[in-house]
$ cat structure_17.txt   # compact mmCIF, C-alpha atoms
# COMPACT_ATOMS: atom_id res chain seq x y z
CA MET G 1 -13.88 8.17 68.44
CA LEU G 2 -13.79 4.39 68.81
CA GLU G 3 -11.07 2.89 71.00
CA LYS G 4 -8.26 1.28 69.04
CA ASP G 5 -8.97 -2.25 70.23
CA ARG G 6 -12.59 -2.12 69.11
CA ILE G 7 -11.69 -2.69 65.44
CA SER G 8 -9.93 -5.90 64.42
CA TYR G 9 -8.33 -6.25 60.99
CA PHE G 10 -7.16 -9.59 59.57
CA TYR G 11 -4.44 -9.95 56.96
CA ASP G 12 -1.89 -12.54 55.84
CA GLY G 13 0.48 -11.47 53.07
CA ASP G 14 0.51 -14.99 51.61
CA VAL G 15 -3.11 -14.60 50.49
CA GLY G 16 -2.07 -12.11 47.80
CA ASN G 17 0.66 -14.29 46.34
CA VAL G 18 -1.49 -16.96 44.66
CA TYR G 19 -2.11 -16.78 40.93
CA PHE G 20 -5.32 -17.96 39.26
CA GLY G 21 -3.71 -17.88 35.81
CA PRO G 22 -2.73 -15.42 33.06
CA ASN G 23 -6.19 -14.65 31.66
CA HIS G 24 -8.21 -15.06 34.84
CA PRO G 25 -9.90 -11.88 36.13
CA MET G 26 -9.45 -12.76 39.82
CA LYS G 27 -6.19 -11.22 41.02
CA PRO G 28 -5.56 -11.83 44.75
CA HIS G 29 -2.66 -9.38 44.41
CA ARG G 30 -5.34 -6.68 44.93
CA LEU G 31 -5.27 -7.68 48.63
CA CYS G 32 -1.59 -6.73 48.95
CA MET G 33 -2.36 -3.43 47.23
CA THR G 34 -5.25 -2.77 49.63
CA HIS G 35 -3.11 -3.57 52.66
CA HIS G 36 -0.30 -1.25 51.54
CA LEU G 37 -2.79 1.60 51.09
CA VAL G 38 -4.09 0.93 54.61
CA LEU G 39 -0.51 1.10 55.90
CA SER G 40 0.46 4.17 53.87
CA TYR G 41 -2.50 6.11 55.29
CA GLY G 42 -1.54 5.05 58.83
CA LEU G 43 -4.85 3.27 59.44
CA HIS G 44 -3.07 0.32 61.07
CA LYS G 45 -2.30 2.55 64.05
CA LYS G 46 -6.02 2.88 64.80
CA MET G 47 -6.93 -0.82 64.90
CA GLU G 48 -5.65 -4.19 66.04
CA ILE G 49 -3.97 -6.11 63.20
CA TYR G 50 -4.03 -9.92 63.27
CA ARG G 51 -2.69 -12.66 61.06
CA PRO G 52 -5.57 -15.17 60.86
CA HIS G 53 -5.11 -18.83 61.66
CA LYS G 54 -5.32 -21.19 58.69
CA ALA G 55 -8.73 -22.80 58.99
CA TYR G 56 -8.54 -26.52 59.72
CA PRO G 57 -10.23 -28.88 57.24
CA ILE G 58 -12.62 -29.87 60.04
CA GLU G 59 -13.68 -26.21 60.35
CA LEU G 60 -14.31 -25.94 56.60
CA ALA G 61 -16.48 -29.07 56.88
CA GLN G 62 -18.85 -27.24 59.24
CA PHE G 63 -20.55 -26.22 55.99
CA HIS G 64 -18.85 -27.96 53.08
CA SER G 65 -19.08 -31.68 52.45
CA ALA G 66 -16.14 -33.64 53.85
CA ASP G 67 -15.32 -35.24 50.48
CA TYR G 68 -15.17 -31.82 48.77
CA VAL G 69 -12.86 -30.39 51.47
CA GLU G 70 -10.64 -33.46 51.26
CA PHE G 71 -10.44 -33.14 47.45
CA LEU G 72 -9.45 -29.46 47.63
CA HIS G 73 -6.76 -30.47 50.13
CA ARG G 74 -5.42 -33.18 47.82
CA ILE G 75 -5.59 -31.70 44.31
CA THR G 76 -2.60 -29.91 42.72
CA PRO G 77 -1.90 -28.62 39.21
CA ASP G 78 0.45 -31.59 38.70
CA THR G 79 -2.12 -34.23 39.67
CA GLN G 80 -5.36 -32.77 38.34
CA HIS G 81 -5.16 -34.78 35.08
CA LEU G 82 -5.74 -37.91 37.20
CA TYR G 83 -9.10 -36.64 38.51
CA ALA G 84 -11.20 -35.68 35.49
CA SER G 85 -14.51 -36.92 36.95
CA GLU G 86 -13.91 -35.26 40.34
CA LEU G 87 -12.99 -31.95 38.69
CA THR G 88 -16.34 -32.04 36.90
CA ARG G 89 -18.23 -33.10 40.04
CA TYR G 90 -16.75 -30.28 42.12
CA ASN G 91 -16.98 -27.70 39.30
CA LEU G 92 -13.25 -27.03 39.10
CA GLY G 93 -11.99 -25.82 35.73
CA GLU G 94 -11.98 -22.57 33.80
CA ASP G 95 -13.76 -20.30 36.31
CA CYS G 96 -12.38 -22.12 39.33
CA PRO G 97 -8.95 -23.40 38.27
CA VAL G 98 -6.61 -25.60 40.28
CA PHE G 99 -3.49 -23.57 41.09
CA ASP G 100 -0.48 -23.83 43.38
CA ASN G 101 -1.32 -23.39 47.09
CA LEU G 102 -5.08 -23.40 46.38
CA PHE G 103 -5.99 -25.08 49.67
CA GLU G 104 -3.76 -22.82 51.76
CA PHE G 105 -5.37 -19.81 50.04
CA CYS G 106 -8.80 -21.11 51.12
CA GLN G 107 -7.55 -21.79 54.66
CA ILE G 108 -6.23 -18.22 55.02
CA TYR G 109 -9.28 -16.32 53.77
CA ALA G 110 -11.71 -18.61 55.61
CA GLY G 111 -9.58 -18.45 58.75
CA GLY G 112 -9.78 -14.66 58.65
CA THR G 113 -13.57 -14.65 58.56
CA LEU G 114 -13.81 -17.30 61.30
CA ASP G 115 -11.39 -15.37 63.52
CA ALA G 116 -13.34 -12.16 62.84
CA ALA G 117 -16.62 -13.83 63.89
CA ARG G 118 -15.03 -15.23 67.06
CA ARG G 119 -13.65 -11.88 68.16
CA LEU G 120 -17.12 -10.37 67.68
CA ASN G 121 -18.67 -13.27 69.62
CA HIS G 122 -16.27 -12.74 72.52
CA LYS G 123 -16.90 -8.97 72.46
CA THR G 124 -13.21 -8.20 71.96
CA CYS G 125 -14.13 -5.89 69.09
CA ASP G 126 -17.17 -4.11 67.65
CA ILE G 127 -16.12 -4.33 63.99
CA ALA G 128 -13.96 -7.00 62.34
CA ILE G 129 -12.54 -6.62 58.82
CA ASN G 130 -11.31 -9.37 56.46
CA TRP G 131 -10.89 -7.99 52.94
CA ALA G 132 -9.63 -11.40 51.76
CA GLY G 133 -13.03 -12.96 52.54
CA GLY G 134 -16.44 -12.55 50.95
CA LEU G 135 -16.34 -15.47 48.48
CA HIS G 136 -20.09 -15.77 48.33
CA HIS G 137 -20.68 -18.16 45.40
CA ALA G 138 -19.13 -21.37 46.80
CA LYS G 139 -21.65 -24.14 47.48
CA LYS G 140 -21.69 -26.99 49.98
CA CYS G 141 -20.27 -29.51 47.50
CA GLU G 142 -18.75 -27.44 44.72
CA ALA G 143 -16.78 -24.38 43.70
CA SER G 144 -18.49 -21.60 41.76
CA GLY G 145 -17.70 -18.15 40.37
CA PHE G 146 -14.03 -17.99 41.46
CA CYS G 147 -15.04 -19.16 44.98
CA TYR G 148 -13.97 -22.47 46.53
CA ILE G 149 -14.80 -22.20 50.24
CA ASN G 150 -17.72 -20.04 51.39
CA ASP G 151 -16.11 -18.16 54.28
CA LEU G 152 -19.26 -16.07 54.74
CA VAL G 153 -21.42 -19.10 55.54
CA LEU G 154 -18.74 -20.36 57.95
CA GLY G 155 -18.56 -16.94 59.65
CA ILE G 156 -22.34 -16.72 59.95
CA LEU G 157 -22.53 -20.23 61.44
CA GLU G 158 -19.95 -19.09 64.01
CA LEU G 159 -21.97 -15.95 64.83
CA LEU G 160 -25.13 -18.06 65.25
CA LYS G 161 -23.50 -19.76 68.26
CA TYR G 162 -23.90 -16.47 70.16
CA HIS G 163 -26.62 -14.57 68.28
CA ALA G 164 -30.23 -15.60 67.68
CA ARG G 165 -30.39 -13.66 64.41
CA VAL G 166 -27.71 -12.65 61.90
CA LEU G 167 -28.27 -10.22 59.02
CA TYR G 168 -26.24 -10.74 55.82
CA ILE G 169 -25.95 -7.79 53.38
CA ASP G 170 -24.28 -8.12 49.97
CA ILE G 171 -23.39 -5.17 47.68
CA ASP G 172 -21.34 -7.15 45.14
CA VAL G 173 -22.60 -6.74 41.56
CA HIS G 174 -23.27 -10.51 41.52
CA HIS G 175 -26.04 -12.19 43.51
CA GLY G 176 -24.92 -13.70 46.83
CA ASP G 177 -26.29 -17.08 45.81
CA GLY G 178 -24.13 -19.38 47.94
CA VAL G 179 -25.02 -17.60 51.18
CA GLU G 180 -28.71 -17.33 50.30
CA GLU G 181 -28.87 -21.04 49.41
CA ALA G 182 -27.18 -22.08 52.67
CA PHE G 183 -29.79 -20.28 54.80
CA TYR G 184 -32.84 -20.43 52.49
CA PHE G 185 -34.91 -22.52 54.92
CA THR G 186 -34.18 -20.72 58.20
CA ASP G 187 -35.35 -17.50 59.85
CA ARG G 188 -32.15 -17.22 61.90
CA VAL G 189 -30.33 -15.57 59.00
CA MET G 190 -31.81 -12.88 56.80
CA THR G 191 -29.95 -12.45 53.50
CA VAL G 192 -30.24 -9.17 51.58
CA SER G 193 -28.53 -8.98 48.18
CA PHE G 194 -28.33 -5.95 45.85
CA HIS G 195 -27.15 -7.18 42.45
CA LYS G 196 -27.42 -7.07 38.68
CA TYR G 197 -30.11 -9.44 37.44
CA GLY G 198 -31.10 -10.41 33.90
CA ASP G 199 -29.34 -10.61 30.50
CA LEU G 200 -27.91 -14.02 31.56
CA PHE G 201 -25.67 -12.22 34.05
CA PHE G 202 -23.85 -14.61 36.42
CA PRO G 203 -25.05 -16.49 38.44
CA GLY G 204 -28.57 -16.02 37.04
CA THR G 205 -30.30 -16.21 40.43
CA GLY G 206 -31.67 -13.48 42.70
CA ASP G 207 -35.12 -12.72 41.33
CA ILE G 208 -37.24 -10.55 43.62
CA LYS G 209 -39.71 -13.44 43.83
CA ASP G 210 -37.08 -15.65 45.54
CA ARG G 211 -37.90 -14.99 49.21
CA GLY G 212 -36.94 -18.13 51.11
CA GLU G 213 -39.02 -21.19 51.91
CA ARG G 214 -40.49 -23.03 54.91
CA GLU G 215 -39.23 -21.36 58.13
CA GLY G 216 -37.11 -19.09 55.94
CA LYS G 217 -39.99 -17.67 53.92
CA TYR G 218 -39.57 -13.87 53.59
CA TYR G 219 -36.07 -14.07 55.12
CA ALA G 220 -34.28 -13.95 51.76
CA ILE G 221 -34.51 -10.50 50.18
CA ASN G 222 -33.35 -9.89 46.63
CA ILE G 223 -32.96 -6.47 45.01
CA PRO G 224 -32.46 -7.16 41.27
CA LEU G 225 -30.98 -4.14 39.46
CA LYS G 226 -30.22 -3.18 35.86
CA ASP G 227 -27.12 -1.71 34.25
CA GLY G 228 -25.82 1.74 35.09
CA ILE G 229 -27.25 2.29 38.57
CA ASP G 230 -25.67 5.41 40.06
CA ASP G 231 -24.82 6.62 43.56
CA SER G 232 -28.03 8.46 44.31
CA SER G 233 -30.37 5.68 43.10
CA PHE G 234 -28.37 2.92 44.80
CA THR G 235 -27.77 4.59 48.17
CA ARG G 236 -31.36 5.84 48.47
CA LEU G 237 -32.73 2.34 47.86
CA PHE G 238 -30.08 0.74 50.08
CA LYS G 239 -30.76 3.01 53.06
CA THR G 240 -34.54 2.69 52.81
CA ILE G 241 -34.47 -1.11 52.64
CA ILE G 242 -31.70 -1.73 55.19
CA ALA G 243 -33.25 0.65 57.74
CA LYS G 244 -36.54 -1.25 57.52
CA VAL G 245 -34.78 -4.64 57.62
CA VAL G 246 -32.88 -3.76 60.80
CA GLU G 247 -35.99 -2.29 62.44
CA THR G 248 -38.02 -5.41 61.61
CA TYR G 249 -35.48 -8.20 62.07
CA LEU G 250 -33.44 -6.83 65.03
CA PRO G 251 -30.23 -8.74 64.21
CA GLY G 252 -27.65 -9.48 66.90
CA ALA G 253 -24.83 -9.24 64.34
CA ILE G 254 -24.41 -8.07 60.74
CA VAL G 255 -22.15 -9.48 58.01
CA LEU G 256 -21.50 -7.00 55.19
CA GLN G 257 -20.00 -8.28 51.92
CA CYS G 258 -18.43 -5.31 50.10
CA GLY G 259 -17.74 -6.73 46.64
CA ALA G 260 -16.11 -3.89 44.67
CA ASP G 261 -17.22 -5.10 41.23
CA SER G 262 -20.29 -2.87 41.68
CA LEU G 263 -17.99 0.13 41.09
CA ALA G 264 -17.92 1.99 37.78
CA ARG G 265 -15.16 0.79 35.45
CA ASP G 266 -15.01 -2.74 36.88
CA ARG G 267 -13.73 -5.29 34.38
CA LEU G 268 -16.73 -7.60 34.93
CA GLY G 269 -19.32 -5.20 36.38
CA CYS G 270 -21.99 -2.99 34.83
CA PHE G 271 -22.96 -0.56 37.62
CA ASN G 272 -21.91 3.07 37.88
CA LEU G 273 -21.08 3.53 41.56
CA SER G 274 -18.27 5.79 42.71
CA ILE G 275 -16.11 4.77 45.65
CA GLU G 276 -17.94 7.38 47.75
CA GLY G 277 -21.32 5.85 46.83
CA HIS G 278 -20.12 2.33 47.66
CA ALA G 279 -18.57 3.53 50.94
CA GLU G 280 -21.78 5.36 51.88
CA CYS G 281 -23.43 1.94 52.28
CA VAL G 282 -20.69 0.87 54.70
CA LYS G 283 -21.05 4.12 56.65
CA PHE G 284 -24.82 3.61 56.91
CA VAL G 285 -24.53 0.03 58.23
CA LYS G 286 -21.88 1.08 60.77
CA LYS G 287 -24.25 3.65 62.29
CA PHE G 288 -26.52 0.92 63.69
CA ASN G 289 -23.80 0.06 66.24
CA ILE G 290 -24.51 -3.64 65.86
CA PRO G 291 -21.52 -6.07 65.91
CA LEU G 292 -20.27 -5.95 62.31
CA LEU G 293 -18.16 -8.34 60.22
CA VAL G 294 -16.96 -6.72 56.98
CA THR G 295 -15.49 -8.68 54.06
CA GLY G 296 -14.35 -8.09 50.53
CA GLY G 297 -15.73 -10.02 47.57
CA GLY G 298 -15.61 -9.46 43.83
CA GLY G 299 -13.68 -6.66 42.17
CA TYR G 300 -11.64 -7.01 39.00
CA THR G 301 -10.10 -3.61 38.29
CA LYS G 302 -7.60 -4.12 41.05
CA GLU G 303 -6.35 -0.58 41.62
CA ASN G 304 -9.96 0.55 42.17
CA VAL G 305 -10.64 -2.39 44.50
CA ALA G 306 -7.67 -1.33 46.63
CA ARG G 307 -8.84 2.29 46.62
CA CYS G 308 -12.37 1.27 47.62
CA TRP G 309 -11.43 -1.04 50.50
CA ALA G 310 -8.87 1.42 51.85
CA VAL G 311 -11.53 4.17 51.88
CA GLU G 312 -13.98 1.80 53.56
CA THR G 313 -11.39 0.86 56.19
CA GLY G 314 -11.18 4.60 56.85
CA VAL G 315 -14.98 4.85 57.07
CA LEU G 316 -15.05 2.07 59.67
CA LEU G 317 -12.38 3.99 61.63
CA ASP G 318 -14.24 7.33 61.26
CA THR G 319 -11.23 8.60 59.32
CA GLU G 320 -11.50 10.54 56.07
CA LEU G 321 -8.52 9.89 53.82
CA PRO G 322 -6.74 12.62 51.80
CA ASN G 323 -7.33 12.20 48.07
CA GLU G 324 -3.61 12.13 47.27
CA ILE G 325 -2.27 8.59 47.73
CA PRO G 326 0.87 8.45 49.93
CA ASN G 327 3.96 6.72 48.60
CA ASN G 328 3.83 2.92 48.99
CA ASP G 329 5.17 -0.24 47.36
CA TYR G 330 2.39 -0.24 44.77
CA ILE G 331 2.16 3.49 44.03
CA GLU G 332 2.69 3.06 40.27
CA TYR G 333 -0.57 1.13 39.96
CA PHE G 334 -2.38 4.38 40.83
CA ALA G 335 -0.80 6.43 38.01
CA PRO G 336 -1.25 8.88 36.41
CA ASP G 337 -3.21 10.82 39.07
CA TYR G 338 -2.17 8.95 42.25
CA THR G 339 -5.54 9.82 43.78
CA LEU G 340 -8.21 7.85 45.64
CA LYS G 341 -11.30 9.21 43.94
CA VAL G 342 -12.50 7.61 40.71
CA PRO G 343 -15.15 9.52 38.74
CA ASN G 344 -18.36 7.83 37.59
CA LEU G 345 -18.82 6.93 33.94
CA ASN G 346 -21.09 8.81 31.61
CA MET G 347 -23.53 5.93 31.13
CA ASP G 348 -27.29 5.50 31.10
CA ASN G 349 -29.00 4.37 34.31
CA LEU G 350 -31.46 1.73 33.09
CA ASN G 351 -33.15 1.65 36.52
CA SER G 352 -36.11 4.01 36.18
CA LYS G 353 -37.74 5.62 39.23
CA THR G 354 -40.81 3.53 38.50
CA TYR G 355 -38.79 0.30 38.45
CA LEU G 356 -36.93 1.11 41.67
CA GLY G 357 -40.20 2.18 43.32
CA SER G 358 -41.74 -1.17 42.42
CA ILE G 359 -38.74 -3.06 43.87
CA LYS G 360 -38.95 -1.06 47.10
CA MET G 361 -42.70 -1.68 47.41
CA GLN G 362 -42.33 -5.45 46.95
CA VAL G 363 -39.53 -5.65 49.53
CA MET G 364 -41.54 -3.65 52.06
CA GLU G 365 -44.51 -5.95 51.46
CA SER G 366 -42.30 -8.98 52.22
CA LEU G 367 -41.04 -7.37 55.41
CA ARG G 368 -44.62 -6.72 56.53
CA SER G 369 -45.21 -10.47 56.28
CA ILE G 370 -42.77 -10.99 59.14
CA GLN G 371 -44.83 -10.59 62.29
CA HIS G 372 -41.86 -10.01 64.60
CA ALA G 373 -38.22 -10.90 64.95
CA PRO G 374 -37.96 -14.69 65.43
CA GLY G 375 -36.81 -15.99 68.79
CA VAL G 376 -34.66 -19.03 69.38
CA GLN G 377 -33.91 -21.24 72.36
CA MET G 378 -30.18 -20.69 72.92
CA GLN G 379 -28.44 -23.84 74.10
CA GLU G 380 -24.97 -24.61 75.39
CA VAL G 381 -22.45 -22.84 73.15
CA PRO G 382 -20.32 -25.24 71.09
CA PRO G 383 -16.53 -24.84 71.23
CA ASP G 384 -14.97 -22.21 68.95
CA PHE G 385 -13.11 -24.72 66.84
CA TYR G 386 -11.88 -28.25 66.78
CA ILE G 387 -8.12 -28.73 66.97
CA PRO G 388 -6.92 -31.90 65.19
CA ASP G 389 -4.97 -34.30 67.36
CA PHE G 390 -1.96 -34.37 65.04
CA ASP G 391 0.57 -31.86 63.74
CA GLU G 392 -0.07 -31.49 60.01
CA ASP G 393 3.40 -30.07 59.36
CA GLU G 394 5.14 -33.19 60.66
CA LEU G 395 3.36 -35.59 58.33
CA ASP G 396 4.34 -36.36 54.76
CA PRO G 397 1.64 -35.37 52.21
CA ASP G 398 0.17 -38.87 51.67
CA GLU G 399 -0.03 -39.54 55.40
CA ARG G 400 -1.55 -36.11 55.95
CA VAL G 401 -4.33 -36.80 53.44
CA ASP G 402 -5.04 -40.19 55.04
CA GLN G 403 -5.19 -38.60 58.50
CA LEU G 404 -7.50 -35.91 57.16
CA ARG G 405 -9.81 -38.45 55.54
CA ASN G 406 -10.04 -40.43 58.78
CA LEU G 407 -10.62 -37.30 60.85
CA LEU G 408 -13.40 -36.03 58.61
CA SER G 409 -15.10 -39.42 58.39
CA ARG G 410 -15.12 -39.69 62.19
CA ALA G 411 -16.51 -36.20 62.64
CA TYR G 412 -18.98 -36.38 59.75
CA PRO G 413 -19.98 -40.01 59.13
CA ARG G 414 -21.96 -40.46 55.93
CA GLN G 415 -25.66 -41.07 56.35
CA ALA G 416 -26.96 -44.50 55.38
CA GLY G 417 -27.88 -44.47 51.71
CA SER G 418 -25.81 -41.37 50.87
CA PRO G 419 -23.33 -41.66 47.98

$ encode --input "structure_17.txt" --output "structure tokens"
Amino acid sequence: MLEKDRISYFYDGDVGNVYFGPNHPMKPHRLCMTHHLVLSYGLHKKMEIYRPHKAYPIELAQFHSADYVEFLHRITPDTQHLYASELTRYNLGEDCPVFDNLFEFCQIYAGGTLDAARRLNHKTCDIAINWAGGLHHAKKCEASGFCYINDLVLGILELLKYHARVLYIDIDVHHGDGVEEAFYFTDRVMTVSFHKYGDLFFPGTGDIKDRGEREGKYYAINIPLKDGIDDSSFTRLFKTIIAKVVETYLPGAIVLQCGADSLARDRLGCFNLSIEGHAECVKFVKKFNIPLLVTGGGGYTKENVARCWAVETGVLLDTELPNEIPNNDYIEYFAPDYTLKVPNLNMDNLNSKTYLGSIKMQVMESLRSIQHAPGVQMQEVPPDFYIPDFDEDELDPDERVDQLRNLLSRAYPRQAGSP
């Protein structure tokens, strides 16, 4: 049994209170539901619980462009009509709406992933969990697919301060395009994404032929899947590929994005995984005993998202949860059965054995192209994070934005000739 202080869990209740809008599928309320399941099963007693710090704008600009961070900080529902061209430039709109407390929401979920990475770096835990994180579509200069700040990229950059190689694994039904794009040209991060591909499914990237370029060639691995994949097909392929990846790449740390939209019955998904099948992937990755950062991601049937991430918290704690859900503040969402298990659908698996065999063969061929795990000259470790030299809370909003703009421009001066 792991010692209690070896698992760190990050949660801030404010993250579940934001509202994307009445018809938007993203419901951050699912995070409150997950947390209350964790509490009702008594899992909090087996791990250290932390409220994450709110990531400073300067921390978000470790990956994102300073002007994009500053715009997210400034924009509100009441002022967005004044910024039509910027909204278009930064891809804010229907999928990625401007809502109340948007920037604080980003600060909380990104802060959780950064804090998780730092605790792993300082060896104060073996596994760090941030279910609010995992927003894998956000790009350097724009929002995408319900994601504004890419906490995963920020967490990986933090881990790279202490680890020569970081492995990123993504089991969301959508391709982990933002993370892959960020590290497409480097061998210091290997990205492995299992996702639905084809039929114009969002985001449309993640072909098996996309393998990375330059120093990153063969370090991006894509496993494109078709509708209806079930537990046995998915877990068999997952275990075979991940075992070979770990053996070949020898990562110092692993980041596992556990998007729950790959479950059966998801509002936006098309796979047929049970919670047990999804959790089996988490259990398998845990067995490597490599420092592990676990995040959430997609998931749009919120009661099943909460079930899934509660079960996976249990898996990470080596604790099997009783099927009957204990009483909690959100118990009525789990009616009529009030149970954890959700049966698979009776749907066709369009992934034939021949197709999956071909995918596996191509991935193994790519891995054979990597001669050995890449080395890196480790240099002086940069500081964990930069603390601004002013108290944001004491400034009025206009002054705060001006201070932020000055701070970011000092830290990240624009290159000559850049827009």

$ atom_distance --input "structure_17.txt" --atom1 "CA of Ile223 (chain G)" --atom2 "CA of Arg236 (chain G)"
12.9 Å

$ atom_distance --input "structure_17.txt" --atom1 "CA of Ala243 (chain G)" --atom2 "CA of Trp131 (chain G)"
24.4 Å

$ atom_distance --input "structure_17.txt" --atom1 "CA of Ser232 (chain G)" --atom2 "CA of Arg267 (chain G)"
22.2 Å

$ residues_around --input "structure_17.txt" --residues "region 351-366 of chain G" --least-positions-apart "4" --cutoff "8 Å" --atoms "only C-alpha atoms" --output "MDAnalysis selection string"
chainID G and resid 208 218 221 223:229 237 241 244 370

$ closest_residue --input "structure_17.txt" --among "G:Leu268, G:Val246, G:Ala138, G:Met33" --to "Lys302 (chain G)" --atoms "only C-alpha atoms"
G:Met33

$ residues_around --input "structure_17.txt" --residues "Ile7 (chain G)" --least-positions-apart "2" --cutoff "12 Å" --atoms "all atoms listed in the file" --output "number ranges by chain"
G: 1-5, 9-10, 43-50, 116, 119-120, 123-130, 286, 291-294, 313-318

$ residues_around --input "structure_17.txt" --residues "Tyr109 (chain G)" --least-positions-apart "3" --cutoff "7 Å" --atoms "all atoms listed in the file" --output "list in words"
Phe105, Cys106, Gly112, Thr113, Ala132 and Gly133 of chain G

$ closest_residue --input "structure_17.txt" --among "G:Leu160, G:Ile242, G:Val189, G:Leu273" --to "Pro343 (chain G)" --atoms "only C-alpha atoms"
G:Leu273

$ residues_around --input "structure_17.txt" --residues "Ser274 (chain G)" --least-positions-apart "3" --cutoff "6 Å" --atoms "only C-alpha atoms" --output "MDAnalysis selection string"
chainID G and resid 263 277 344

$ closest_residue --input "structure_17.txt" --among "G:Pro22, G:Gly259, G:Gly93, G:Gly178" --to "Thr295 (chain G)" --atoms "all atoms listed in the file"
G:Gly259
